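Next up, final-v1.txt (compact mmCIF, C-alpha atoms):
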```txt
# COMPACT_ATOMS: atom_id res chain seq x y z
CA MET A 1 39.25 -19.73 30.24
CA THR A 2 40.80 -17.45 27.68
CA THR A 3 37.61 -15.77 26.55
CA PRO A 4 36.66 -12.80 28.75
CA ARG A 5 33.27 -12.78 30.38
CA SER A 6 30.49 -10.85 28.75
CA PRO A 7 29.25 -7.56 30.27
CA LYS A 8 25.77 -7.76 28.76
CA ARG A 9 22.88 -9.40 29.15
CA THR A 10 19.88 -11.25 28.26
CA MET A 11 16.76 -9.46 27.06
CA SER A 12 13.21 -10.73 27.00
CA MET A 13 11.71 -12.09 23.82
CA PRO A 14 8.71 -9.72 23.95
CA VAL A 15 11.02 -6.72 23.77
CA ILE A 16 12.89 -8.30 20.88
CA ALA A 17 9.69 -8.79 18.94
CA ALA A 18 8.58 -5.24 19.57
CA THR A 19 11.76 -3.70 18.24
CA THR A 20 12.74 -5.80 15.26
CA ALA A 21 11.71 -3.12 12.82
CA ALA A 22 14.24 -0.75 14.31
CA LEU A 23 17.25 -3.03 13.91
CA PRO A 24 20.02 -1.59 11.73
CA ALA A 25 21.92 -3.85 9.40
CA VAL A 26 24.76 -4.59 11.82
CA VAL A 27 24.02 -4.45 15.52
CA LEU A 28 24.07 -6.79 18.47
CA SER A 29 20.78 -8.02 19.83
CA SER A 30 19.84 -6.84 23.27
CA LEU A 31 20.07 -10.44 24.44
CA ALA A 32 23.75 -9.76 24.69
CA LEU A 33 26.53 -7.24 24.59
CA ALA A 34 29.48 -8.24 22.46
CA GLN A 35 32.71 -9.30 24.09
CA PRO A 36 35.99 -7.70 23.03
CA SER A 37 37.32 -9.10 19.81
CA MET A 38 40.19 -11.55 19.82
CA ALA A 39 40.78 -11.19 16.08
CA THR A 40 40.19 -8.53 13.44
CA PRO A 41 37.30 -6.32 14.58
CA ALA A 42 34.19 -6.08 12.51
CA PRO A 43 34.55 -3.37 9.83
CA GLN A 44 31.27 -1.68 10.66
CA PRO A 45 31.12 0.79 13.55
CA ARG A 46 29.28 -0.85 16.43
CA LYS A 47 26.75 1.20 18.37
CA ILE A 48 24.51 0.28 21.21
CA PRO A 49 22.01 -2.08 19.52
CA ALA A 50 18.57 -0.71 18.84
CA THR A 51 16.98 -3.60 20.71
CA LEU A 52 19.24 -3.06 23.72
CA ALA A 53 18.48 0.66 23.64
CA ALA A 54 14.78 -0.18 23.65
CA ALA A 55 15.24 -2.51 26.60
CA MET A 56 17.22 0.16 28.43
CA LYS A 57 14.51 2.71 27.74
CA ALA A 58 11.93 0.28 29.11
CA GLN A 59 14.04 -0.23 32.22
CA ALA A 60 14.39 3.51 32.71
CA VAL A 61 10.67 3.89 33.19
CA ASN A 62 10.05 0.53 34.81
CA VAL A 63 10.19 0.67 38.60
CA GLY A 64 10.68 -3.09 38.54
CA SER A 65 14.21 -2.66 37.20
CA VAL A 66 15.34 -2.18 40.79
CA ILE A 67 14.44 -5.13 42.95
CA PRO A 68 13.18 -4.02 46.37
CA ALA A 69 15.48 -4.64 49.29
CA ASN A 70 12.74 -6.52 51.13
CA ALA A 71 12.67 -9.00 48.25
CA VAL A 72 16.13 -10.26 49.21
CA ALA A 73 14.80 -13.07 51.30
CA ALA A 74 15.12 -16.86 51.23
CA THR A 75 12.48 -17.18 48.54
CA ILE A 76 14.01 -20.43 47.32
CA PRO A 77 11.90 -22.67 45.05
CA THR A 78 11.16 -26.07 46.57
CA ALA A 79 9.77 -29.41 45.55
CA LEU A 80 7.73 -30.43 48.55
CA ARG A 81 8.28 -33.88 49.98
CA PRO A 82 5.32 -36.01 51.04
CA MET A 83 3.92 -34.87 54.39
CA ALA A 84 5.65 -36.61 57.25
CA PRO A 85 3.41 -38.72 59.50
CA SER A 86 4.64 -36.89 62.59
CA VAL A 87 6.35 -33.63 63.41
CA PRO A 88 10.02 -33.98 64.44
CA ASP A 89 11.50 -31.79 67.15
CA SER A 90 13.92 -30.19 64.69
CA TYR A 91 14.61 -30.04 60.99
CA THR A 92 17.82 -29.46 59.00
CA ILE A 93 17.49 -27.09 56.04
CA VAL A 94 18.33 -28.48 52.61
CA ARG A 95 18.72 -26.68 49.29
CA GLY A 96 15.35 -25.44 48.05
CA ASP A 97 13.69 -25.11 51.45
CA THR A 98 11.70 -22.14 52.67
CA ILE A 99 10.18 -21.70 56.12
CA SER A 100 6.65 -21.57 54.67
CA ALA A 101 7.21 -24.78 52.67
CA ILE A 102 8.60 -26.57 55.73
CA ALA A 103 5.60 -25.42 57.76
CA ARG A 104 3.18 -26.69 55.10
CA ARG A 105 5.02 -30.01 54.90
CA PHE A 106 4.44 -30.68 58.60
CA ASN A 107 1.03 -28.97 58.77
CA LEU A 108 2.38 -26.17 60.95
CA ASP A 109 1.71 -22.44 61.05
CA THR A 110 4.48 -20.46 59.33
CA THR A 111 4.29 -17.64 61.88
CA ALA A 112 4.64 -20.12 64.72
CA VAL A 113 7.74 -21.67 63.16
CA LEU A 114 9.26 -18.22 62.64
CA GLN A 115 8.57 -17.21 66.25
CA LEU A 116 9.84 -20.53 67.59
CA ASN A 117 13.20 -19.92 65.90
CA LYS A 118 13.35 -16.14 66.44
CA LEU A 119 13.25 -15.58 62.68
CA SER A 120 11.48 -12.98 60.58
CA ALA A 121 9.85 -13.29 57.17
CA THR A 122 12.96 -11.79 55.55
CA THR A 123 15.59 -13.87 57.35
CA LEU A 124 17.82 -15.78 54.93
CA ILE A 125 18.05 -19.49 55.75
CA TYR A 126 20.79 -21.76 54.43
CA PRO A 127 21.45 -25.48 53.84
CA GLY A 128 22.68 -27.21 56.98
CA GLN A 129 20.90 -24.81 59.36
CA THR A 130 18.79 -26.56 62.01
CA ILE A 131 15.43 -25.11 63.03
CA LYS A 132 13.01 -26.19 65.76
CA LEU A 133 9.56 -27.44 64.80
CA THR A 134 8.20 -28.19 68.26
CA GLY A 135 8.42 -26.42 71.56
CA THR A 136 7.26 -23.15 73.00
CA ALA A 137 7.97 -19.93 71.17
CA PRO A 138 10.11 -17.48 73.13
CA ALA A 139 7.93 -15.13 75.11
CA ALA A 140 8.07 -11.42 74.53
CA PRO A 141 10.59 -9.63 76.74
CA ALA A 142 9.44 -10.38 80.28
CA LYS A 143 7.78 -7.51 82.09
CA PRO A 144 7.88 -7.98 85.85
CA ALA A 145 5.16 -6.64 88.13
CA PRO A 146 4.44 -3.05 87.20
CA ALA A 147 7.12 -0.80 88.61
CA ALA A 148 6.96 2.87 89.35
CA PRO A 149 5.89 4.52 86.09
CA SER A 150 8.62 7.13 86.40
CA ALA A 151 11.44 4.62 85.92
CA PRO A 152 12.07 2.48 82.83
CA SER A 153 11.62 -1.24 83.39
CA ALA A 154 14.87 -2.81 84.47
CA PRO A 155 14.68 -6.60 84.65
CA SER A 156 17.37 -8.40 86.59
CA SER A 157 18.97 -9.49 83.34
CA ALA A 158 18.74 -7.99 79.90
CA THR A 159 16.90 -9.68 77.03
CA VAL A 160 19.48 -10.86 74.50
CA TYR A 161 19.07 -11.23 70.74
CA THR A 162 21.39 -13.30 68.54
CA VAL A 163 22.39 -11.57 65.30
CA VAL A 164 21.52 -13.48 62.11
CA PRO A 165 22.74 -12.85 58.53
CA GLY A 166 21.21 -9.67 57.11
CA ASP A 167 20.60 -7.98 60.46
CA THR A 168 21.45 -4.34 61.15
CA LEU A 169 21.36 -2.54 64.48
CA GLY A 170 18.58 -0.30 63.21
CA ALA A 171 16.48 -3.26 62.11
CA ILE A 172 17.06 -5.03 65.44
CA ALA A 173 15.98 -1.91 67.33
CA ALA A 174 12.84 -1.58 65.19
CA LYS A 175 12.01 -5.28 65.59
CA HIS A 176 12.08 -5.01 69.38
CA GLY A 177 10.42 -1.59 69.58
CA VAL A 178 13.31 0.20 71.27
CA PRO A 179 15.30 3.30 70.24
CA LEU A 180 18.49 2.71 68.30
CA SER A 181 20.29 4.94 70.81
CA SER A 182 19.33 2.53 73.58
CA ILE A 183 20.75 -0.41 71.62
CA PHE A 184 23.98 1.57 71.34
CA SER A 185 23.99 2.34 75.07
CA TRP A 186 23.15 -1.19 76.28
CA ASN A 187 25.84 -2.77 74.11
CA GLY A 188 28.61 -0.17 74.10
CA LEU A 189 28.20 0.30 70.35
CA ASN A 190 27.94 3.31 68.06
CA GLY A 191 26.91 4.14 64.54
CA SER A 192 30.10 2.75 63.01
CA SER A 193 30.07 -0.57 64.89
CA ILE A 194 30.11 -3.75 62.80
CA ILE A 195 27.93 -6.65 63.91
CA TYR A 196 28.17 -10.26 62.79
CA PRO A 197 25.99 -13.41 62.77
CA GLY A 198 26.05 -15.16 66.14
CA GLN A 199 26.83 -11.99 68.08
CA LYS A 200 24.67 -11.41 71.18
CA ILE A 201 22.93 -8.02 71.37
CA LYS A 202 21.00 -6.77 74.39
CA VAL A 203 17.58 -5.51 73.30
CA SER A 204 16.24 -4.45 76.69
CA GLY A 205 17.63 -2.61 79.69
CA GLY A 206 18.73 -4.55 82.71
CA SER A 207 21.74 -5.29 84.77
CA ALA A 208 24.65 -4.44 82.57
CA PRO A 209 28.10 -5.06 84.03
CA SER A 210 29.06 -1.42 83.72
CA ALA A 211 25.93 0.06 85.33
CA PRO A 212 23.83 -2.64 86.98
CA THR A 213 21.21 -0.40 88.58
CA ALA A 214 20.98 2.68 86.43
CA PRO A 215 18.24 2.74 83.80
CA ALA A 216 19.59 2.99 80.30
CA ALA A 217 19.67 6.60 79.25
CA PRO A 218 19.53 7.53 75.59
CA ALA A 219 23.05 7.64 74.29
CA PRO A 220 24.25 10.92 72.84
CA ALA A 221 24.25 11.11 69.10
CA PRO A 222 27.39 9.40 67.80
CA ALA A 223 30.09 11.74 66.63
CA PRO A 224 30.36 12.18 62.86
CA LEU A 225 32.98 10.02 61.22
CA ALA A 226 35.52 12.77 60.59
CA GLY A 227 33.17 15.11 58.80
CA THR A 228 29.73 15.08 57.22
CA GLY A 229 28.16 15.69 53.85
CA SER A 230 24.66 15.60 52.45
CA TYR A 231 22.89 13.56 49.82
CA THR A 232 19.61 14.26 48.02
CA ILE A 233 17.51 11.13 47.58
CA LYS A 234 16.61 10.13 44.04
CA ALA A 235 13.87 7.84 42.77
CA GLY A 236 14.80 4.22 43.38
CA ASP A 237 17.16 4.95 46.29
CA THR A 238 17.10 2.83 49.44
CA LEU A 239 18.82 3.53 52.74
CA SER A 240 21.04 0.46 52.35
CA SER A 241 22.11 1.36 48.82
CA ILE A 242 22.88 4.96 49.86
CA ALA A 243 24.96 3.70 52.79
CA SER A 244 26.82 1.21 50.59
CA ARG A 245 27.44 3.80 47.87
CA HIS A 246 29.03 6.19 50.39
CA GLY A 247 31.05 3.54 52.19
CA VAL A 248 29.28 3.85 55.57
CA SER A 249 27.25 1.37 57.58
CA LEU A 250 23.47 1.52 57.50
CA ALA A 251 23.49 2.02 61.28
CA ALA A 252 25.83 5.01 60.92
CA LEU A 253 23.60 6.53 58.26
CA MET A 254 20.49 6.16 60.42
CA ALA A 255 22.29 7.48 63.51
CA ALA A 256 23.40 10.58 61.59
CA ASN A 257 19.82 11.38 60.59
CA ASN A 258 17.31 11.99 63.38
CA ASN A 259 14.07 10.02 63.18
CA VAL A 260 15.40 7.73 60.41
CA THR A 261 15.14 4.00 61.13
CA ALA A 262 15.17 0.81 59.09
CA THR A 263 11.41 1.17 58.54
CA THR A 264 11.41 4.88 57.61
CA VAL A 265 9.90 5.69 54.20
CA ILE A 266 12.23 7.92 52.20
CA TYR A 267 11.25 9.98 49.17
CA PRO A 268 12.93 11.76 46.22
CA GLY A 269 14.18 15.22 47.15
CA GLN A 270 14.68 14.38 50.82
CA LYS A 271 18.16 15.25 52.12
CA LEU A 272 20.22 12.90 54.24
CA THR A 273 23.35 13.60 56.26
CA ILE A 274 26.18 11.28 55.25
CA PRO A 275 28.58 10.61 58.16
CA GLY A 276 32.23 10.85 57.22
CA ALA A 277 31.43 12.27 53.82
CA GLY A 278 33.72 15.24 54.44
CA LEU A 279 36.61 12.99 53.46
CA GLN A 280 35.10 12.44 50.04
CA PRO A 281 32.52 14.84 48.59
CA VAL A 282 29.25 13.17 47.70
CA GLY A 283 29.51 14.11 44.06
CA GLU A 284 32.86 12.35 43.75
CA THR A 285 31.95 8.96 45.16
CA LYS A 286 32.98 6.05 42.99
CA PRO A 287 29.99 4.06 41.73
CA LEU A 288 29.83 0.34 42.37
CA VAL A 289 29.12 -0.30 38.69
CA PRO A 290 30.76 1.85 35.99
CA SER A 291 28.75 3.40 33.17
CA THR A 292 31.14 2.36 30.40
CA PHE A 293 32.44 -1.07 29.51
CA LEU A 294 34.19 -2.37 26.40
CA GLY A 295 33.46 0.85 24.54
CA PHE A 296 29.73 0.93 25.33
CA THR A 297 28.33 3.75 27.47
CA TYR A 298 25.02 2.96 29.09
CA PRO A 299 22.15 5.37 29.88
CA PRO A 300 22.22 6.84 33.39
CA ALA A 301 18.91 5.24 34.34
CA VAL A 302 20.20 1.75 33.49
CA VAL A 303 23.50 2.32 35.32
CA SER A 304 21.62 3.70 38.32
CA SER A 305 19.48 0.56 38.46
CA ALA A 306 22.60 -1.57 38.16
CA ASN A 307 24.20 0.26 41.09
CA GLU A 308 21.07 -0.20 43.21
CA ASN A 309 21.03 -3.94 42.56
CA LYS A 310 24.77 -4.20 43.17
CA ALA A 311 24.37 -2.42 46.51
CA LEU A 312 21.58 -4.79 47.53
CA LEU A 313 23.68 -7.85 46.66
CA ASN A 314 26.71 -6.43 48.47
CA ALA A 315 24.59 -5.98 51.59
CA SER A 316 23.12 -9.48 51.45
CA PRO A 317 24.60 -12.91 52.19
CA VAL A 318 25.13 -14.93 49.01
CA PRO A 319 26.37 -18.47 48.33
CA SER A 320 30.06 -19.06 47.70
CA ARG A 321 31.16 -19.75 44.12
CA ALA A 322 31.34 -23.46 44.90
CA GLU A 323 27.84 -23.41 46.37
CA MET A 324 26.57 -21.44 43.39
CA LYS A 325 28.06 -24.05 41.08
CA SER A 326 26.01 -26.74 42.86
CA ILE A 327 22.87 -24.61 42.69
CA VAL A 328 23.22 -24.16 38.92
CA ALA A 329 23.87 -27.87 38.33
CA ASP A 330 20.94 -28.94 40.52
CA THR A 331 18.62 -26.45 38.84
CA ALA A 332 19.63 -27.66 35.37
CA ARG A 333 18.98 -31.31 36.31
CA ARG A 334 15.58 -30.44 37.70
CA MET A 335 14.64 -28.49 34.57
CA GLY A 336 15.88 -31.06 32.06
CA VAL A 337 18.92 -29.11 30.81
CA SER A 338 22.43 -30.54 30.61
CA PRO A 339 24.19 -29.53 33.84
CA SER A 340 27.51 -29.21 32.01
CA LEU A 341 25.96 -26.73 29.57
CA ALA A 342 24.36 -24.64 32.31
CA LEU A 343 27.64 -24.63 34.24
CA ALA A 344 29.47 -23.48 31.12
CA PHE A 345 27.14 -20.48 30.78
CA ALA A 346 27.42 -19.61 34.47
CA GLU A 347 31.21 -19.75 34.43
CA GLN A 348 31.40 -17.72 31.22
CA GLU A 349 28.93 -15.10 32.41
CA SER A 350 30.08 -14.45 35.97
CA GLY A 351 32.50 -17.10 37.21
CA PHE A 352 29.66 -18.26 39.54
CA ASP A 353 29.58 -14.86 41.26
CA GLN A 354 26.03 -14.09 42.44
CA ARG A 355 27.08 -10.51 43.30
CA ALA A 356 28.06 -9.74 39.69
CA VAL A 357 26.12 -6.87 38.08
CA SER A 358 27.03 -5.37 34.70
CA PRO A 359 26.53 -1.77 33.49
CA ALA A 360 23.62 -3.11 31.40
CA ASN A 361 21.98 -4.17 34.71
CA ALA A 362 22.58 -7.86 34.05
CA ILE A 363 22.24 -9.47 37.46
CA GLY A 364 23.85 -12.38 39.25
CA THR A 365 25.40 -15.66 38.26
CA MET A 366 23.49 -16.04 34.99
CA GLN A 367 23.67 -12.29 34.15
CA VAL A 368 19.98 -11.73 33.43
CA ILE A 369 18.52 -8.24 33.00
CA PRO A 370 15.13 -7.52 34.65
CA SER A 371 13.14 -7.63 31.39
CA SER A 372 14.57 -11.08 30.67
CA GLY A 373 13.82 -12.02 34.26
CA GLN A 374 10.16 -11.21 33.53
CA TRP A 375 10.30 -13.37 30.41
CA ALA A 376 11.83 -16.22 32.42
CA SER A 377 9.11 -15.75 35.07
CA ASP A 378 6.52 -16.23 32.33
CA LEU A 379 8.35 -19.35 31.14
CA VAL A 380 8.30 -21.04 34.55
CA GLY A 381 4.93 -19.72 35.70
CA ARG A 382 5.95 -17.79 38.80
CA LYS A 383 7.67 -14.52 39.73
CA LEU A 384 11.45 -14.87 39.86
CA ASN A 385 13.67 -12.67 42.01
CA LEU A 386 17.00 -12.27 40.21
CA LEU A 387 18.76 -11.32 43.46
CA ASP A 388 17.87 -14.72 44.91
CA PRO A 389 20.57 -17.24 43.90
CA TYR A 390 18.12 -20.07 43.20
CA ASP A 391 15.78 -17.87 41.18
CA ASN A 392 18.72 -16.41 39.25
CA ALA A 393 19.83 -19.91 38.26
CA THR A 394 16.23 -20.79 37.36
CA ALA A 395 15.91 -17.74 35.12
CA GLY A 396 19.13 -18.49 33.22
CA VAL A 397 18.35 -22.19 32.80
CA ALA A 398 14.78 -21.43 31.67
CA ILE A 399 16.13 -19.14 28.94
CA ILE A 400 18.73 -21.73 27.88
CA ARG A 401 16.05 -24.44 27.73
CA THR A 402 13.78 -22.27 25.59
CA LEU A 403 16.58 -21.30 23.20
CA ILE A 404 17.51 -24.97 22.72
CA ALA A 405 13.88 -25.89 22.04
CA THR A 406 13.39 -23.12 19.46
CA SER A 407 16.77 -23.07 17.68
CA LYS A 408 17.86 -25.24 14.74
CA ASP A 409 20.94 -26.52 16.56
CA LEU A 410 22.92 -26.13 19.78
CA ASP A 411 25.39 -23.60 18.35
CA THR A 412 22.53 -21.33 17.34
CA ALA A 413 20.95 -21.67 20.79
CA ILE A 414 24.23 -20.75 22.50
CA ALA A 415 24.63 -17.78 20.15
CA GLY A 416 21.09 -16.68 21.00
CA TYR A 417 21.96 -16.30 24.70
CA TYR A 418 24.79 -13.94 23.73
CA GLN A 419 23.76 -12.14 20.54
CA GLY A 420 20.01 -12.61 20.63
CA GLN A 421 17.94 -15.23 18.84
CA TYR A 422 16.36 -12.81 16.38
CA SER A 423 19.67 -11.16 15.54
CA VAL A 424 21.32 -14.54 14.91
CA SER A 425 18.50 -15.63 12.59
CA LYS A 426 18.49 -12.29 10.77
CA TYR A 427 22.21 -11.54 10.44
CA GLY A 428 24.03 -14.73 11.33
CA MET A 429 26.68 -14.93 14.02
CA TYR A 430 29.12 -12.09 14.48
CA ASP A 431 32.79 -12.95 14.93
CA ASP A 432 32.68 -12.32 18.67
CA THR A 433 29.53 -14.46 18.91
CA LYS A 434 31.38 -17.32 17.23
CA ARG A 435 34.14 -17.02 19.81
CA TYR A 436 31.51 -17.02 22.57
CA VAL A 437 29.96 -20.22 21.20
CA GLU A 438 33.35 -21.95 21.05
CA SER A 439 34.14 -20.82 24.59
CA ILE A 440 30.85 -22.19 25.94
CA LYS A 441 31.41 -25.54 24.21
CA ALA A 442 34.99 -25.73 25.53
CA ARG A 443 33.81 -25.00 29.06
CA GLN A 444 31.04 -27.57 28.70
CA ARG A 445 33.63 -30.23 27.91
CA THR A 446 35.49 -29.43 31.12
CA PHE A 447 32.27 -29.96 33.12
CA GLY A 448 31.22 -33.04 31.14
```
Go ahead and express the file in the form of structure tokens.
Amino acid sequence: MTTPRSPKRTMSMPVIAATTAALPAVVLSSLALAQPSMATPAPQPRKIPATLAAAMKAQAVNVGSVIPANAVAATIPTALRPMAPSVPDSYTIVRGDTISAIARRFNLDTTAVLQLNKLSATTLIYPGQTIKLTGTAPAAPAKPAPAAPSAPSAPSSATVYTVVPGDTLGAIAAKHGVPLSSIFSWNGLNGSSIIYPGQKIKVSGGSAPSAPTAPAAPAPAPAPLAGTGSYTIKAGDTLSSIASRHGVSLAALMAANNNVTATTVIYPGQKLTIPGAGLQPVGETKPLVPSTFLGFTYPPAVVSSANENKALLNASPVPSRAEMKSIVADTARRMGVSPSLALAFAEQESGFDQRAVSPANAIGTMQVIPSSGQWASDLVGRKLNLLDPYDNATAGVAIIRTLIATSKDLDTAIAGYYQGQYSVSKYGMYDDTKRYVESIKARQRTFG
């Protein structure tokens, strides 16, 4: 593992074709960004490749370069098994499952399965998790006989919700139709509280140990975290990415801004109060993804998109590196690509880190930029979400498979993933591309 990982990445073939006329004599293709040289550097000055610049320009005006937060769901591709003759009481999730696919397999209604397991359409499921397929869905919070209208309902015991991966206090409050301040009050929490999967949260009033008979009163606004600042929303911003960028929880951000919840629509030009920002002025916050890497400085629009996607991945549960390794190998087997070769690319590109995002907005384990993700979607015949670990592996393997099928030999195919297929055919392999090819082949031997 002596060759450093590439910061680039892969660009779609349509963009390559559209920009071939603009290629200078010595540039990298936008399929890849060169790695640092290990030997004598190329004599020609290297600039951002024309094809990469074109891809970046396309990303700058393409809203799809930032994947929506609500797309970070368990949209895992699945090969459906034959329908079971009967419906079991429970089912254990395996790799590739989705709730909708499980429901179809057993001729059940997806909504009913979600309600039965207290899940939402955006809940991330994981291998080994057990879900119920039969039984009665939990009823809505019980409302006893109508009480005096002047007093809030106060059942003898509070309705409790179990936190699942991806939950926030604001989202929980919105899901149950109660004010976030009441969630704070019922649970002794505030805007800076951290919640975790498995934690029990009261989502209705009731007999709390501290005040069994008093109706829950709206909690006072939580105190700022040692100072406040402001932030002006820009196109492409989300509440979660703004919170992550400023190092505060989403709940704290919502609590600091009246009438802002997890379902609030935000717009460019709107100002938000950032709790605790007095300790670090907004303009001096450190970005999650830098704008410069290995001598290349990327356009602000591309870096902004990269930071948005990095924030989304940081706020979402992702597989471990070992789990990601299995996902890549399984995907390669299913798609007819050598698992050892796919693993070599994944290790070289990101070290199996699904949260990796480069300044060029290359996303996830296989380091695929959104335009290449669209190309990969066309190759497999369905929309791929690069933030989803299974789709990310599918995109990378689909590109590898296509390069192998359309290149004269394996070395040229490997080079195409890094330098770009057109650039390799036009100019041959650059020195750093040759090192990349040797590194991939060496890694493949270790996985063989």
- Message: Give me the residues near stretch 321-330 of chain A as a ChimeraX atom specification, where near means some atom within 7 Å (using all atoms listed in the file) and where sequence neighbours in that chain fewer than 6 positions away do not count.
- Response: /A:339,342-343,352-353,390,393
- Using atom CA of A:Gly198 and atom CA of A:Val163 as the two end points, give the distance in Å to one decimal. 5.2 Å
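Take atom CA of A:Tyr436 and atom CA of A:Ala376: the distance between them is 22.0 Å.
The interatomic distance for the pair atom CA of A:Ile195 and atom CA of A:Pro165 works out to 9.7 Å.
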Any idea what's packed within 10 Å of stretch 109-117 of chain A, counting only C-alpha atoms, ignoring anything in its chain fewer than 6 positions away? Could you give it as a CSV table (one decimal) with C-alpha atoms, in the coordinates of the input?
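Saved result, out-v8.csv, follows:
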```csv
chain,number,residue,atom,x,y,z
A,98,THR,CA,11.7,-22.1,52.7
A,99,ILE,CA,10.2,-21.7,56.1
A,100,SER,CA,6.6,-21.6,54.7
A,101,ALA,CA,7.2,-24.8,52.7
A,102,ILE,CA,8.6,-26.6,55.7
A,103,ALA,CA,5.6,-25.4,57.8
A,123,THR,CA,15.6,-13.9,57.4
A,130,THR,CA,18.8,-26.6,62.0
A,131,ILE,CA,15.4,-25.1,63.0
A,132,LYS,CA,13.0,-26.2,65.8
A,133,LEU,CA,9.6,-27.4,64.8
A,134,THR,CA,8.2,-28.2,68.3
A,135,GLY,CA,8.4,-26.4,71.6
A,136,THR,CA,7.3,-23.2,73.0
A,137,ALA,CA,8.0,-19.9,71.2
A,138,PRO,CA,10.1,-17.5,73.1
A,139,ALA,CA,7.9,-15.1,75.1
```
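For the choices A:Val178, A:Ala395, A:Pro319, A:Leu169, the atom-to-atom distance to A:Leu253 is smallest for A:Leu169 when using only C-alpha atoms.
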Axis-aligned box over every listed atom of stretch 172-185 of chain A, padded by 6 Å per side: centre and edges in Å to one decimal, as AutoDock Vina command-line options?
```
--center_x 17.2 --center_y -0.2 --center_z 70.1 --size_x 25.6 --size_y 22.2 --size_z 21.9
```
- Identify the residues around (22.5, -9.2, 40.4) within a radius of 10 Å, measuring from all atoms listed in the file in the coordinates stated by the file, and give them as a PyMOL selection string. chain A and resi 67+306-314+353-358+361-370+385-389+392
